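Worksheet: one structure, shown below.
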Amino acid sequence: MYIEEIKKIFDSDSAEIRIRLINNDSYDYWYVGVCDGKKEYSFLIDGQSGELLARKQLNLPTIR
């Protein structure tokens with residue numbers, strides 16, 4: 001899954017966690033993102049069961 005890559009992000013000095021609660025028709029989802037400024041690993045989690053519904057890796061654009 002992305003465990004090794006996420007461990008590397010947390011070993012860096014610029015790790016960031018983003019968490020959002022998403023409510024859609026009275027049903028809850030959690031968005032969790034782990035980011036280091038270069039890459040972001042995103043997860044969508046079922047709010048009741050905790051089941052992982054989706055995951056995605058993003059390469060963030062470099063700002064010059």
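Ligands are numbered from 1 in the order shown, chains are lettered A, B, ... in the order of the structure tokens, and residues start at 1 in each chain.
Residues in contact with Asp28 (chain A) at up to 7 Å, not including ones fewer than 5 positions away on its chain and judged by only C-alpha atoms, are Leu21, Ile22, Asn23, Asp46 and Gly47 of chain A.
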Can you spit out the residues from that selection as an mmCIF file, in the first residue's frame, using all heavy atoms?
data_model
loop_
_atom_site.group_PDB
_atom_site.id
_atom_site.type_symbol
_atom_site.label_atom_id
_atom_site.label_comp_id
_atom_site.auth_asym_id
_atom_site.auth_seq_id
_atom_site.Cartn_x
_atom_site.Cartn_y
_atom_site.Cartn_z
ATOM 1 N N LEU A 21 -13.683 15.789 7.190
ATOM 2 C CA LEU A 21 -14.895 14.997 7.315
ATOM 3 C C LEU A 21 -15.837 15.438 6.204
ATOM 4 O O LEU A 21 -16.144 16.622 6.079
ATOM 5 C CB LEU A 21 -15.546 15.205 8.689
ATOM 6 C CG LEU A 21 -16.875 14.512 8.912
ATOM 7 C CD1 LEU A 21 -16.733 12.994 8.784
ATOM 8 C CD2 LEU A 21 -17.454 14.884 10.256
ATOM 9 N N ILE A 22 -16.268 14.501 5.395
ATOM 10 C CA ILE A 22 -17.154 14.794 4.273
ATOM 11 C C ILE A 22 -18.501 14.152 4.573
ATOM 12 O O ILE A 22 -18.579 12.953 4.827
ATOM 13 C CB ILE A 22 -16.588 14.234 2.952
ATOM 14 C CG1 ILE A 22 -15.209 14.831 2.691
ATOM 15 C CG2 ILE A 22 -17.551 14.484 1.799
ATOM 16 C CD1 ILE A 22 -14.436 14.126 1.591
ATOM 17 N N ASN A 23 -19.573 14.956 4.547
ATOM 18 C CA ASN A 23 -20.915 14.438 4.775
ATOM 19 C C ASN A 23 -21.706 14.568 3.485
ATOM 20 O O ASN A 23 -21.824 15.650 2.933
ATOM 21 C CB ASN A 23 -21.599 15.210 5.900
ATOM 22 C CG ASN A 23 -22.964 14.658 6.201
ATOM 23 O OD1 ASN A 23 -23.913 14.930 5.492
ATOM 24 N ND2 ASN A 23 -23.047 13.883 7.267
ATOM 25 N N ASP A 46 -14.514 5.083 4.727
ATOM 26 C CA ASP A 46 -15.914 5.009 5.129
ATOM 27 C C ASP A 46 -16.035 5.467 6.582
ATOM 28 O O ASP A 46 -15.299 5.001 7.451
ATOM 29 C CB ASP A 46 -16.402 3.568 4.978
ATOM 30 C CG ASP A 46 -17.862 3.410 5.298
ATOM 31 O OD1 ASP A 46 -18.229 3.585 6.485
ATOM 32 O OD2 ASP A 46 -18.638 3.095 4.383
ATOM 33 N N GLY A 47 -16.954 6.385 6.837
ATOM 34 C CA GLY A 47 -17.100 6.965 8.168
ATOM 35 C C GLY A 47 -17.662 6.019 9.212
ATOM 36 O O GLY A 47 -17.444 6.216 10.402
#
Could you name the residues that touch region 52-55 of chain A at 10 Å or less, counting only C-alpha atoms, but leaving out those on the same chain fewer than 5 positions away, as a list in words?
Met1, Tyr2, Tyr29, Trp30, Tyr31, Val32, Gly33, Tyr41, Ser42, Phe43, Leu44, Ile45, Asp46 and Gly47 of chain A
Asp36 (chain A) environment, 10 Å, only C-alpha atoms, sequence neighbours closer than 5 positions dropped, as a JSON list (two decimals) with N, CA and C atoms, in the first residue's frame:
[["chain", "number", "residue", "atom", "x", "y", "z"],
["A", 6, "ILE", "N", 5.10, 6.63, 2.93],
["A", 6, "ILE", "CA", 4.57, 7.49, 4.00],
["A", 6, "ILE", "C", 5.55, 7.57, 5.16],
["A", 8, "LYS", "N", 8.75, 7.54, 4.90],
["A", 8, "LYS", "CA", 9.78, 8.49, 4.47],
["A", 8, "LYS", "C", 9.32, 9.92, 4.63],
["A", 9, "ILE", "N", 8.04, 10.18, 4.36],
["A", 9, "ILE", "CA", 7.51, 11.53, 4.53],
["A", 9, "ILE", "C", 7.59, 11.95, 5.99],
["A", 10, "PHE", "N", 7.21, 11.05, 6.91],
["A", 10, "PHE", "CA", 7.25, 11.39, 8.33],
["A", 10, "PHE", "C", 8.66, 11.53, 8.86],
["A", 11, "ASP", "N", 9.63, 10.94, 8.18],
["A", 11, "ASP", "CA", 11.03, 11.12, 8.58],
["A", 11, "ASP", "C", 11.57, 12.47, 8.13],
["A", 12, "SER", "N", 10.91, 13.13, 7.19],
["A", 12, "SER", "CA", 11.36, 14.44, 6.72],
["A", 12, "SER", "C", 10.88, 15.52, 7.68],
["A", 13, "ASP", "N", 11.39, 16.74, 7.48],
["A", 13, "ASP", "CA", 11.02, 17.86, 8.35],
["A", 13, "ASP", "C", 9.76, 18.57, 7.89],
["A", 14, "SER", "N", 9.21, 18.18, 6.74],
["A", 14, "SER", "CA", 8.08, 18.93, 6.19],
["A", 14, "SER", "C", 6.82, 18.09, 6.03],
["A", 15, "ALA", "N", 6.62, 17.11, 6.90],
["A", 15, "ALA", "CA", 5.43, 16.25, 6.82],
["A", 15, "ALA", "C", 4.17, 17.02, 7.23],
["A", 16, "GLU", "N", 3.08, 16.75, 6.54],
["A", 16, "GLU", "CA", 1.81, 17.39, 6.84],
["A", 16, "GLU", "C", 0.70, 16.36, 6.69],
["A", 17, "ILE", "N", -0.26, 16.40, 7.61],
["A", 17, "ILE", "CA", -1.44, 15.53, 7.54],
["A", 17, "ILE", "C", -2.65, 16.42, 7.33],
["A", 41, "TYR", "N", -0.21, 11.48, -0.60],
["A", 41, "TYR", "CA", -0.92, 10.21, -0.61],
["A", 41, "TYR", "C", -2.28, 10.47, 0.03],
["A", 60, "LEU", "N", 2.89, 16.62, -6.56],
["A", 60, "LEU", "CA", 2.52, 18.03, -6.48],
["A", 60, "LEU", "C", 3.40, 18.87, -7.39]]
In chain A, what's alpha helix (DSSP H) per DSSP? Answer as a list in words?
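The residues of chain A classed as alpha helix (DSSP H) are Ile3, Glu4, Glu5, Ile6, Lys7, Lys8, Ile9, Phe10 and Asp11 of chain A.
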Chain A: which residues are strand (DSSP E) by DSSP, as a ChimeraX atom specification?
/A:16-24,27-35,39-46,52-59
Selected residues, N, CA and C atoms, written as a short mmCIF file (atom, residue, chain, number, x, y, z; two decimals), in the first residue's frame, please.
data_model
loop_
_atom_site.label_atom_id
_atom_site.label_comp_id
_atom_site.auth_asym_id
_atom_site.auth_seq_id
_atom_site.Cartn_x
_atom_site.Cartn_y
_atom_site.Cartn_z
N GLU A 16 3.08 16.75 6.54
CA GLU A 16 1.81 17.39 6.84
C GLU A 16 0.70 16.36 6.69
N ILE A 17 -0.26 16.40 7.61
CA ILE A 17 -1.44 15.53 7.54
C ILE A 17 -2.65 16.42 7.33
N ARG A 18 -3.49 16.07 6.38
CA ARG A 18 -4.73 16.80 6.11
C ARG A 18 -5.89 15.85 6.34
N ILE A 19 -6.85 16.27 7.16
CA ILE A 19 -8.00 15.43 7.47
C ILE A 19 -9.26 16.26 7.26
N ARG A 20 -10.22 15.67 6.54
CA ARG A 20 -11.50 16.33 6.32
C ARG A 20 -12.62 15.33 6.57
N LEU A 21 -13.68 15.79 7.19
CA LEU A 21 -14.90 15.00 7.32
C LEU A 21 -15.84 15.44 6.20
N ILE A 22 -16.27 14.50 5.40
CA ILE A 22 -17.15 14.79 4.27
C ILE A 22 -18.50 14.15 4.57
N ASN A 23 -19.57 14.96 4.55
CA ASN A 23 -20.92 14.44 4.78
C ASN A 23 -21.71 14.57 3.49
N ASN A 24 -22.24 13.44 3.02
CA ASN A 24 -23.01 13.41 1.78
C ASN A 24 -24.29 12.64 2.04
N TYR A 27 -24.34 10.67 5.24
CA TYR A 27 -23.37 9.58 5.31
C TYR A 27 -21.99 10.20 5.38
N ASP A 28 -21.17 9.75 6.31
CA ASP A 28 -19.86 10.36 6.55
C ASP A 28 -18.73 9.58 5.88
N TYR A 29 -17.78 10.36 5.36
CA TYR A 29 -16.53 9.84 4.80
C TYR A 29 -15.40 10.66 5.40
N TRP A 30 -14.23 10.06 5.53
CA TRP A 30 -13.04 10.78 5.96
C TRP A 30 -12.07 10.84 4.78
N TYR A 31 -11.56 12.05 4.53
CA TYR A 31 -10.47 12.23 3.59
C TYR A 31 -9.22 12.41 4.44
N VAL A 32 -8.18 11.63 4.16
CA VAL A 32 -6.92 11.76 4.88
C VAL A 32 -5.81 11.88 3.84
N GLY A 33 -5.03 12.94 3.93
CA GLY A 33 -3.91 13.16 3.03
C GLY A 33 -2.62 13.30 3.81
N VAL A 34 -1.56 12.68 3.32
CA VAL A 34 -0.23 12.79 3.91
C VAL A 34 0.67 13.40 2.84
N CYS A 35 1.34 14.50 3.19
CA CYS A 35 2.03 15.30 2.17
C CYS A 35 3.39 15.74 2.69
N LYS A 39 5.04 15.13 -2.81
CA LYS A 39 4.07 14.07 -3.08
C LYS A 39 2.99 14.10 -2.02
N GLU A 40 1.80 13.66 -2.42
CA GLU A 40 0.70 13.52 -1.48
C GLU A 40 0.04 12.16 -1.69
N TYR A 41 -0.21 11.48 -0.60
CA TYR A 41 -0.92 10.21 -0.61
C TYR A 41 -2.28 10.47 0.03
N SER A 42 -3.35 10.20 -0.71
CA SER A 42 -4.70 10.51 -0.26
C SER A 42 -5.51 9.24 -0.09
N PHE A 43 -6.38 9.25 0.93
CA PHE A 43 -7.21 8.10 1.23
C PHE A 43 -8.63 8.57 1.50
N LEU A 44 -9.62 7.82 1.02
CA LEU A 44 -11.02 8.05 1.34
C LEU A 44 -11.49 6.87 2.17
N ILE A 45 -12.03 7.16 3.35
CA ILE A 45 -12.37 6.13 4.31
C ILE A 45 -13.84 6.22 4.68
N ASP A 46 -14.51 5.08 4.73
CA ASP A 46 -15.91 5.01 5.13
C ASP A 46 -16.03 5.47 6.58
N LEU A 52 -11.29 1.26 3.82
CA LEU A 52 -10.60 2.08 2.84
C LEU A 52 -11.32 1.96 1.51
N LEU A 53 -11.87 3.07 1.02
CA LEU A 53 -12.66 3.06 -0.21
C LEU A 53 -11.83 3.41 -1.44
N ALA A 54 -10.86 4.31 -1.26
CA ALA A 54 -10.04 4.74 -2.40
C ALA A 54 -8.72 5.26 -1.88
N ARG A 55 -7.71 5.18 -2.74
CA ARG A 55 -6.40 5.76 -2.42
C ARG A 55 -5.81 6.30 -3.71
N LYS A 56 -4.96 7.32 -3.55
CA LYS A 56 -4.38 7.97 -4.72
C LYS A 56 -3.06 8.62 -4.34
N GLN A 57 -2.10 8.56 -5.27
CA GLN A 57 -0.83 9.25 -5.08
C GLN A 57 -0.79 10.40 -6.06
N LEU A 58 -0.45 11.58 -5.56
CA LEU A 58 -0.33 12.77 -6.40
C LEU A 58 1.09 13.30 -6.34
N ASN A 59 1.62 13.68 -7.47
CA ASN A 59 2.89 14.41 -7.51
C ASN A 59 2.53 15.88 -7.57
#
